[in-house]
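First the structure, in the form of structure tokens, and then the observations on it.
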Amino acid sequence: MDKLIIEGGFRLDGEVRASGAKNAALPILCAAILSDEPLVLHNVPHLQDVKTTLKLLGQMGVAVQQHGSRVEVNAAPIRTHIAPYELVKTMRASILVLGPLLARRGEAQVSLPGGCAIGARPVNLHLMGLQAMGAQIEVENGFINARASKLRGAQIVFDTVTVTGTENLMMAAALAQGTTVLENAAREPEVVDLARCLNAMGAKIRGAGTTTIVIDGVDRLHAAEYTILPDRIESGTFLVAGAMTRGRVRVTHTDPNLLDAVLVKLQQAGARIRTGEDFIELDMQGRRPRAVNVHTMPHPGFPTDMQAQFMALNCIAEGTGIITETIFENRFQHALELQRLGADIKLEGHTAIVTGRERLTGAPVMATDLRASAALVAAGLAAEGQTCIDRIYHLDRGYERLEAKFEQLGARIRRIA
Ligand SMILES: CC(=O)N[C@H]1[C@@H](OP(=O)(O)OP(=O)(O)OC[C@H]2O[C@@H](n3ccc(=O)[nH]c3=O)[C@H](O)[C@@H]2O)O[C@H](CO)[C@@H](O)[C@@H]1O
Ligand SMILES: C=C(OP(=O)(O)O)C(=O)O
């Protein structure tokens, strides 16, 4: 198993390019199932979850061609509606084939998904929505078996805001008979990106980015070409690491509008932030960050996918910061590992009280999930001495060439097999 070795305690200084967003690329790749014409995508990030999705699509008979960040997916030859456990278990987003398979083929057999162990993560709202659209669904032997001769438009109110739930139903509704209204829908930029791509394929979706999305079903979707939006969580991860090392980091090919809640917190932490249309520059001017309070919320609130990185920031900041996680019930596993680097963290239910230490010291640690791993990398870069991070396959699921990009910023980081 690969590990990362970090020699920490040095300022990051430099420029790094953001990749395309994992959480937009994954649903958009699944959207290709809805059409029998090619979907050409640009800015697709090279990371393990994308590879797994392409393998899953390939196994269903979908034709895939990849040249760098350009991926062409053609679902004309699709021949099966089964998403097997072996592939689905590694990746939460594989549930996103359910809606498209059901809409296009009238049938889907999808293993219950895996992914980051950050909470129970049920899919009841995905299933409830599809049932409201006329699907018959049974869960048996670890598989969701769904059937519908033709999905019908429906009025669906989500009990809880769900990102992939909104995406799955939006895709299913694109080919349903009649109009679907999704109430209390997720407003994440990745939901908007999916809606834009579907509309480029001929779907009739309006309201994406608000809490009410209206989808007029169409008979078929056609070929399209689309560019995936930048990864706001990857961008935010580089900025936090820059702040923790009292450095200067410029992220290019990104979109500052996607990171409002995160940039506010970085400014509160004492960072000087400068933005342009497609870049964000953070400069700590050599100063130690100040601790900040963070309360995770659905978009446009503070993203849970940046919570671990801000906990790491508070570990080395001046003062005490309170982190409240409201989305996932088990997303504090990084706290125990950060304590190995000398952090002062008290956990009380879904709250973590973090008192910053002047210095952290390197230690062997274990990555437990994707953003926990990113937090450990940032902490390792700020800690004095050597940090060795084990189980980095979590990191490879969601970051493209992470160590190469950090090296570009001056980090002393290497991968060992
Ligand atoms: C591939 C992808 O885009 N993953 C993102 C997506 O995950 P994902 O879409 O899985 O997360 P959700 O938005 O669905 O989860 C939000 C909350 O709703 C609950 N819930 C969800 C569905 C359901 O049917 N029933 C239910 O109770 C979940 O347990 C959780 O407590 O949004 C999360 C929240 O921003 C991010 O952390 C993930 O990075
Ligand atoms: C939790 C995440 O991913 P997933 O939903 O794919 O497990 C994430 O991207 O932080």
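Residue numbering restarts at 1 in every chain; chains get A, B, ... in the order shown in the structure tokens, and ligands count up from 1 in that same order.
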**OP:** Would you mind listing the residues within 8 Å of ligand 1, counting only C-alpha atoms and all ligand atoms, as a PyMOL selection string?
**Re:** chain A and resi 22-24+26-27+92-93+119-127+160-165+186+188+190+298-299+303-305+326-329
Could the residues of region 257-292 of chain A that have an atom at most 12 Å from region 335-355 of chain A be listed as JSON lines, each with its closest atom pair and the distance in Å to one decimal, counting only C-alpha atoms and ordered by chain and ascending residue number?
{"residue": "A:Arg290", "atom": "CA", "partner": "A:Thr355", "partner_atom": "CA", "distance": 10.4}
{"residue": "A:Ala291", "atom": "CA", "partner": "A:Thr355", "partner_atom": "CA", "distance": 7.8}
{"residue": "A:Val292", "atom": "CA", "partner": "A:Val354", "partner_atom": "CA", "distance": 9.4}
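Within the 9 Å cut-off around Ile389 (chain A), using only C-alpha atoms and omitting residues fewer than 6 positions from it on the same chain, the listed residues are Asp2, Lys3, Leu4, Ile5, Ile6, Ala363, Pro364, Val365, Met366, Ala367, Ser373, Leu376, Val377 and Gly380 of chain A.
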Written file, previous selection with C-alpha atoms, as a JSON list (two decimals), in the first residue's frame:
[["chain", "number", "residue", "atom", "x", "y", "z"],
["A", 2, "ASP", "CA", 1.36, 3.46, -0.90],
["A", 3, "LYS", "CA", 2.31, 5.98, 1.78],
["A", 4, "LEU", "CA", 3.15, 9.67, 1.75],
["A", 5, "ILE", "CA", 6.26, 10.94, 3.50],
["A", 6, "ILE", "CA", 6.24, 14.65, 4.32],
["A", 363, "ALA", "CA", 4.35, 11.43, 13.38],
["A", 364, "PRO", "CA", 3.07, 8.31, 11.59],
["A", 365, "VAL", "CA", -0.69, 8.69, 10.93],
["A", 366, "MET", "CA", -3.40, 6.84, 9.10],
["A", 367, "ALA", "CA", -5.80, 8.27, 6.53],
["A", 373, "SER", "CA", -6.45, 12.41, 4.39],
["A", 376, "LEU", "CA", -3.46, 15.12, 7.49],
["A", 377, "VAL", "CA", -1.39, 16.18, 4.48],
["A", 380, "GLY", "CA", 2.00, 17.22, 8.00]]
I'd like the neighbourhood of Ile215 (chain A) as a PDB file with N, CA and C atoms, in the first residue's frame, where a residue qualifies if any of its atoms comes within 8 Å (using only C-alpha atoms), though same-chain residues fewer than 2 positions away should be ignored.
ATOM      1  N   MET A 170     -32.956  14.157 -10.769  1.00  0.00           N
ATOM      2  CA  MET A 170     -32.929  15.094 -11.897  1.00  0.00           C
ATOM      3  C   MET A 170     -32.647  14.327 -13.203  1.00  0.00           C
ATOM      4  N   ALA A 173     -35.696  12.167 -14.082  1.00  0.00           N
ATOM      5  CA  ALA A 173     -36.817  13.015 -14.529  1.00  0.00           C
ATOM      6  C   ALA A 173     -36.588  13.575 -15.927  1.00  0.00           C
ATOM      7  N   ALA A 174     -35.330  13.673 -16.347  1.00  0.00           N
ATOM      8  CA  ALA A 174     -35.030  14.246 -17.670  1.00  0.00           C
ATOM      9  C   ALA A 174     -35.712  13.467 -18.788  1.00  0.00           C
ATOM     10  N   THR A 179     -43.899  16.470 -16.051  1.00  0.00           N
ATOM     11  CA  THR A 179     -43.042  17.408 -15.310  1.00  0.00           C
ATOM     12  C   THR A 179     -42.769  16.899 -13.895  1.00  0.00           C
ATOM     13  N   THR A 180     -41.514  17.018 -13.477  1.00  0.00           N
ATOM     14  CA  THR A 180     -41.128  16.678 -12.101  1.00  0.00           C
ATOM     15  C   THR A 180     -40.709  17.956 -11.398  1.00  0.00           C
ATOM     16  N   VAL A 181     -41.144  18.093 -10.145  1.00  0.00           N
ATOM     17  CA  VAL A 181     -40.706  19.235  -9.336  1.00  0.00           C
ATOM     18  C   VAL A 181     -39.974  18.688  -8.117  1.00  0.00           C
ATOM     19  N   ALA A 203     -32.061  18.297 -22.382  1.00  0.00           N
ATOM     20  CA  ALA A 203     -33.034  18.216 -21.275  1.00  0.00           C
ATOM     21  C   ALA A 203     -33.657  19.586 -21.049  1.00  0.00           C
ATOM     22  N   LYS A 204     -34.780  19.586 -20.323  1.00  0.00           N
ATOM     23  CA  LYS A 204     -35.468  20.862 -20.017  1.00  0.00           C
ATOM     24  C   LYS A 204     -35.534  21.005 -18.505  1.00  0.00           C
ATOM     25  N   ILE A 205     -34.467  21.588 -17.950  1.00  0.00           N
ATOM     26  CA  ILE A 205     -34.354  21.723 -16.489  1.00  0.00           C
ATOM     27  C   ILE A 205     -34.213  23.194 -16.153  1.00  0.00           C
ATOM     28  N   ARG A 206     -35.012  23.669 -15.191  1.00  0.00           N
ATOM     29  CA  ARG A 206     -34.809  25.031 -14.723  1.00  0.00           C
ATOM     30  C   ARG A 206     -34.825  25.069 -13.203  1.00  0.00           C
ATOM     31  N   ILE A 213     -36.325  22.691  -8.237  1.00  0.00           N
ATOM     32  CA  ILE A 213     -35.868  22.383  -9.601  1.00  0.00           C
ATOM     33  C   ILE A 213     -37.048  21.781 -10.367  1.00  0.00           C
ATOM     34  N   GLY A 217     -39.898  16.455 -18.713  1.00  0.00           N
ATOM     35  CA  GLY A 217     -39.310  15.284 -19.354  1.00  0.00           C
ATOM     36  C   GLY A 217     -39.325  15.397 -20.872  1.00  0.00           C
TER      37      GLY A 217
END
**OP:** Show which residues sit within 8 Å of region 395-410 of chain A, as a list in words. Count only C-alpha atoms, and ignore same-chain residues fewer than 6 positions away.
**Re:** Arg11, Leu12, Asp13, Gly14, Glu15, Val16, Arg17, Ser19, Lys22, Pro45, His46, Leu47, Gln48, Asp49, Glu234, Phe238, Val249, Ala367, Asp369, Leu370, Arg371, Ser373 and Ala374 of chain A
Each region 245-305 of chain A residue no farther than 12 Å from region 222-228 of chain A, nearest pair in Å, only C-alpha atoms, as a Markdown table:
| residue | atom | partner | partner_atom | distance |
| --- | --- | --- | --- | --- |
| A:His253 | CA | A:Ile228 | CA | 11.6 |
| A:Thr254 | CA | A:Ile228 | CA | 11.2 |
| A:Asp255 | CA | A:Ile228 | CA | 12.0 |
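Nearest to ligand 2 of all the residues A:Ala383, A:Leu221, A:Leu239, A:Ala375 is A:Ala375, based on only C-alpha atoms and all ligand atoms.
CA of Leu29 (chain A) sits 15.4 Å away from CA of Ala103 (chain A).
Each of A:Val44, A:Met60, A:Val97, A:Met284 was checked against Glu72 (chain A) using only C-alpha atoms; the smallest atom-to-atom distance is that of A:Val44.
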